[in-house]
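**Q** Here you go, one structure.
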Amino acid sequence: MNCEDLMNMIQIKDGIKLVAGETGVHRNIRWIYFADCIQCLDENFDISELIHGEELVIVTNVSLTNDDNKIIQLIDAMYKKNIAAFVINEGQISQKIIAYCNELQLPLFELSLQLHLIDFSQIVCRILVEEESNMNSIERILASILYSEHINKSEIMEQANYLDVSLSGKQRLTVFQIAEMKTQKQEHKEEGYLIEVSQNISKIVRREFRNYGLRNIMMYSQIEFVAAMLPAELFSKDLLSNIIRRIMEKAQSMYKVVIYAGVGTPYEYIEQFKYSYQEAKNAITMASLVRNDDNIYYYDDLGIYSLIMQISNGKFLDDYLDSKLGKLIDADNIQDGDLCSTLETYLNNNCNANAAAEELYIHRNTMRYRMEKIKKIINEDVSDLSTAMELKLAFAIRRYRNTDT
């Protein structure tokens with residue numbers, strides 16, 4: 001639930017009014033916190049210790065609301081801990097408080113005296129509990145789809161329909177992987193913190209896709225990654241990339257992490273969705289080989305690597321590599337040479353020796369000497385198209401196997 005949902009809840013819609021912070025209505029609400037009790041605390045007590053984030057903070061104590069400075073101090077301390085919104089009884093909100101909440105872009109609600117606080121809290125808490133239960137159920141369904149060997153399709157469809165989740169049409173999986181922590185603090189590298197970050201990334205993902213009509217997105221999270229299943233027909237590649245980029249930027253800014261995103265291909269049938277999930281994870285695995293600027297990796301863009309990854313027989317790949325490049329690799333190992341890198345650069349430059357020499361910062365005569373040596377060792381005409389293709393495949397296998405191990 002976010003603040004906009006709160007405004008649209010039929011049971012309380014007429015009893016609550018947004019008076020400030022309209023641009024922040026996307027903020028998530030995790031639970032309710034009644035702040036009236038802080039009046040009893042020692043004045044040196046750090047109020048922020050009572051806040052864990054995303055609370056809907058309610059203040060009705062007149063001795064607090066009559067003092068603008070106290071309320072502003074309270075809002076300031078809690079805003080830094082990422083509260084969802086502030087709620088104050090009608091007739092107790094000054095223009096100064098409204099202006100301050102507008103400045104922070106923090107939603108400020110006025111609670112009608114006709115809406116009893118006990119009724120308000122019961123309604124909101126019940127819906128929050130139901131929402132949490134539904135999200136847990138959705139996560140269990142997706143986990144079953146992704147990991148179970150044998151799934152009951154009719155049962156999964158029935159559960160999904162009950163939770164208002166559509167599994168019709170082609171679906172694709174996107175995986176957000178925490179690749180690196182940009183903090184040196186040890187506690188930020190511990191499992192508990194990573195779980196917290198993953199959960200918060202899930203919230204960012206839900207919020208972003210919710211803007212495109214996906215209220216109940218299917219998600220699954222673990223310690224260092226979050227997986228989301230998306231209807232393929234709703235998002236072009238460019239649109240999906242823009243949304244993923246926003247999610248990554250927000251997560252990286254808030255939690256000082258580097259995130260990679262892998263995107264699988266769309267599949268139409270439930271039993272095939274796990275393939276898209278594995279493809280998304282494989283795309284991230286290959287990030288070191290196909291590095292790009294925005295850290296978003298589509299399985300469709302892996303080229304030859306997507307084919308290599310389909311071969312589960314590692315010995316087959318190693319034997320192919322040895323048959324094509326084994327002698328050259330051995331020669332480099334014995335002489336501490338760079339014949340392999342020379343040949344790979346030559347192939348990557350479409351068998352243009354001059355272009356390869358420029359990239360390697362070596363003289364053309366040196367390049368010519370190395371290529372003659374390479375031809376003698378592998379006993380192949382490397383300028384032949386079919387041979388060049390076989391050698392490029394061998395280099396791709398070599399890079400893949402080095403990454404895989």
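Ordering of the structure tokens sets the chain letters (A, B, ...); residue numbers start at 1 within each chain; ligands are numbered from 1 in the order shown.
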Apply DSSP to the structure's backbone, then extract all residues of segment 184-302 of chain A labelled strand (DSSP E) and return them as JSON, numbers by chain.
**A** {"A": [218, 219, 220, 221, 225, 226, 227, 228, 229, 230, 231, 257, 258, 259, 260, 261, 262, 263, 296, 297, 298]}
**Q** Keeping only N, CA and C atoms, write the selected residues as a tab-separated table (two decimals), in the first residue's frame.
**A**
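File produced: selection_17.tsv:
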chain	number	residue	atom	x	y	z
A	218	MET	N	4.25	-10.38	-9.92
A	218	MET	CA	4.79	-11.60	-9.33
A	218	MET	C	6.29	-11.42	-9.11
A	219	MET	N	6.71	-11.60	-7.85
A	219	MET	CA	8.11	-11.39	-7.50
A	219	MET	C	8.59	-12.48	-6.56
A	220	TYR	N	9.91	-12.67	-6.59
A	220	TYR	CA	10.55	-13.64	-5.71
A	220	TYR	C	11.92	-13.07	-5.33
A	221	SER	N	12.25	-13.06	-4.05
A	221	SER	CA	13.51	-12.46	-3.62
A	221	SER	C	14.30	-13.41	-2.72
A	225	PHE	N	19.34	-11.17	-4.60
A	225	PHE	CA	18.68	-10.89	-5.88
A	225	PHE	C	17.17	-10.82	-5.71
A	226	VAL	N	16.56	-10.17	-6.70
A	226	VAL	CA	15.10	-10.06	-6.78
A	226	VAL	C	14.70	-10.43	-8.19
A	227	ALA	N	13.71	-11.31	-8.32
A	227	ALA	CA	13.20	-11.71	-9.64
A	227	ALA	C	11.78	-11.21	-9.80
A	228	ALA	N	11.48	-10.66	-10.96
A	228	ALA	CA	10.13	-10.16	-11.26
A	228	ALA	C	9.66	-10.73	-12.59
A	229	MET	N	8.41	-11.20	-12.61
A	229	MET	CA	7.83	-11.73	-13.85
A	229	MET	C	6.92	-10.68	-14.46
A	230	LEU	N	7.13	-10.39	-15.75
A	230	LEU	CA	6.44	-9.28	-16.39
A	230	LEU	C	5.75	-9.72	-17.67
A	231	PRO	N	4.53	-9.22	-17.92
A	231	PRO	CA	3.86	-9.51	-19.19
A	231	PRO	C	4.63	-8.89	-20.34
A	257	VAL	N	24.78	0.30	-3.55
A	257	VAL	CA	25.07	-1.01	-4.13
A	257	VAL	C	25.19	-0.89	-5.65
A	258	VAL	N	25.94	-1.79	-6.24
A	258	VAL	CA	25.98	-1.91	-7.70
A	258	VAL	C	25.07	-3.07	-8.08
A	259	ILE	N	24.16	-2.83	-9.00
A	259	ILE	CA	23.17	-3.84	-9.37
A	259	ILE	C	23.29	-4.16	-10.85
A	260	TYR	N	23.27	-5.45	-11.16
A	260	TYR	CA	23.15	-5.91	-12.55
A	260	TYR	C	21.72	-6.41	-12.75
A	261	ALA	N	21.19	-6.19	-13.95
A	261	ALA	CA	19.86	-6.70	-14.28
A	261	ALA	C	19.98	-7.63	-15.48
A	262	GLY	N	19.40	-8.82	-15.36
A	262	GLY	CA	19.36	-9.77	-16.46
A	262	GLY	C	17.92	-9.97	-16.89
A	263	VAL	N	17.68	-10.02	-18.21
A	263	VAL	CA	16.33	-10.14	-18.75
A	263	VAL	C	16.25	-11.37	-19.65
A	296	ILE	N	22.58	-3.61	-17.83
A	296	ILE	CA	21.34	-4.33	-18.16
A	296	ILE	C	21.68	-5.32	-19.27
A	297	TYR	N	21.41	-6.61	-19.02
A	297	TYR	CA	21.84	-7.65	-19.95
A	297	TYR	C	20.64	-8.49	-20.40
A	298	TYR	N	20.36	-8.43	-21.69
A	298	TYR	CA	19.29	-9.22	-22.28
A	298	TYR	C	19.87	-10.53	-22.81
**Q** Counting only C-alpha atoms, what is within 9 Å of Lys81 of chain A, bar same-chain residues fewer than 6 positions away, as an MDAnalysis selection string?
**A** chainID A and resid 48:49 51:54
**Q** What separation in Å, quoted to one decimal, exists between atom CA of Phe176 of chain A and atom CA of His150 of chain A?
**A**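 Calculated distance between atom CA of Phe176 of chain A and atom CA of His150 of chain A is 26.0 Å.
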**Q** At a cut-off of 10 Å, using only C-alpha atoms, what residues contact Gly326 of chain A? Leave out same-chain residues fewer than 6 positions from it and give the result as a PyMOL selection string.
**A** chain A and resi 318-320+377-378+394
**Q** Could you give me, as a ChimeraX atom specification, the residues within 10 Å of segment 135-147 of chain A, counting only C-alpha atoms and dropping anything in the same chain fewer than 2 positions from it?
**A** /A:129-133,149-153,155-157,159-160,163-165,216-221,227-229,270-278
**Q** Can you tell me which residues surround Ile12 of chain A at a distance of at most 12 Å, considering only C-alpha atoms, apart from same-chain residues fewer than 5 positions away, and format the answer as a list of chain:residue names?
**A** A:Asp5, A:Leu6, A:Met7, A:Lys17, A:Glu110, A:Leu111, A:Ser112, A:Leu113, A:Gln114, A:Leu115, A:His116, A:Leu117, A:Ile118, A:Asp119, A:Phe120, A:Ser121, A:Gln122, A:Ile123, A:Val124, A:Ile127
**Q** Could those selected residues go to a file with C-alpha atoms, as a PDB file, in the first residue's frame?
**A**
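The resulting file, again-v7.pdb, is reproduced below:
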ATOM      1  CA  ASP A   5      -4.033   3.878  -1.998  1.00  0.00           C
ATOM      2  CA  LEU A   6      -4.816   5.307   1.430  1.00  0.00           C
ATOM      3  CA  MET A   7      -6.599   8.244  -0.178  1.00  0.00           C
ATOM      4  CA  LYS A  17      -7.754  14.553   3.299  1.00  0.00           C
ATOM      5  CA  GLU A 110      -5.822  15.779   7.868  1.00  0.00           C
ATOM      6  CA  LEU A 111      -7.919  13.269   9.830  1.00  0.00           C
ATOM      7  CA  SER A 112     -11.600  14.075  10.297  1.00  0.00           C
ATOM      8  CA  LEU A 113     -12.918  13.994  13.836  1.00  0.00           C
ATOM      9  CA  GLN A 114     -15.866  12.031  12.429  1.00  0.00           C
ATOM     10  CA  LEU A 115     -13.507   9.144  11.615  1.00  0.00           C
ATOM     11  CA  HIS A 116     -12.616   7.575  14.931  1.00  0.00           C
ATOM     12  CA  LEU A 117      -8.938   6.836  15.293  1.00  0.00           C
ATOM     13  CA  ILE A 118      -9.568   3.246  16.418  1.00  0.00           C
ATOM     14  CA  ASP A 119     -11.658   2.581  13.307  1.00  0.00           C
ATOM     15  CA  PHE A 120      -9.073   4.216  11.056  1.00  0.00           C
ATOM     16  CA  SER A 121      -6.195   2.190  12.505  1.00  0.00           C
ATOM     17  CA  GLN A 122      -8.105  -1.115  12.384  1.00  0.00           C
ATOM     18  CA  ILE A 123      -9.094  -0.643   8.740  1.00  0.00           C
ATOM     19  CA  VAL A 124      -5.594   0.351   7.603  1.00  0.00           C
ATOM     20  CA  ILE A 127      -5.523  -4.102   4.752  1.00  0.00           C
TER      21      ILE A 127
END
**Q** Could you write out, as a PyMOL selection string, all the residues of segment 54-263 of chain A that DSSP marks as alpha helix (DSSP H)?
**A** chain A and resi 62-65+68-79+95-104+117-147+153-162+191-210+237-255
**Q** Tell me which protein, DNA and RNA residues are within 12 Å of Glu359 of chain A, counting only C-alpha atoms, leaving out same-chain ones fewer than 2 positions away, and put them as a PDB file with C-alpha atoms, in the first residue's frame.
**A**
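As a result, part03.pdb now contains:
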ATOM      1  CA  SER A 341      45.507 -12.507 -27.711  1.00  0.00           C
ATOM      2  CA  THR A 342      47.073 -11.635 -31.065  1.00  0.00           C
ATOM      3  CA  GLU A 344      41.742 -13.141 -31.092  1.00  0.00           C
ATOM      4  CA  THR A 345      42.365  -9.466 -31.867  1.00  0.00           C
ATOM      5  CA  TYR A 346      43.007 -10.364 -35.514  1.00  0.00           C
ATOM      6  CA  ASN A 348      37.808  -9.484 -33.924  1.00  0.00           C
ATOM      7  CA  ASN A 349      39.089  -7.043 -36.544  1.00  0.00           C
ATOM      8  CA  ASN A 352      42.536  -7.263 -40.856  1.00  0.00           C
ATOM      9  CA  ALA A 353      46.165  -7.505 -39.724  1.00  0.00           C
ATOM     10  CA  ASN A 354      46.831  -3.755 -39.897  1.00  0.00           C
ATOM     11  CA  ALA A 355      43.800  -2.912 -37.763  1.00  0.00           C
ATOM     12  CA  ALA A 356      44.772  -5.605 -35.273  1.00  0.00           C
ATOM     13  CA  ALA A 357      48.349  -4.247 -35.090  1.00  0.00           C
ATOM     14  CA  TYR A 361      50.095  -1.122 -30.384  1.00  0.00           C
ATOM     15  CA  ILE A 362      52.647  -3.205 -32.280  1.00  0.00           C
ATOM     16  CA  HIS A 363      54.465  -2.721 -35.587  1.00  0.00           C
ATOM     17  CA  ARG A 364      52.968  -4.276 -38.702  1.00  0.00           C
ATOM     18  CA  MET A 367      52.057  -8.536 -36.395  1.00  0.00           C
TER      19      MET A 367
END
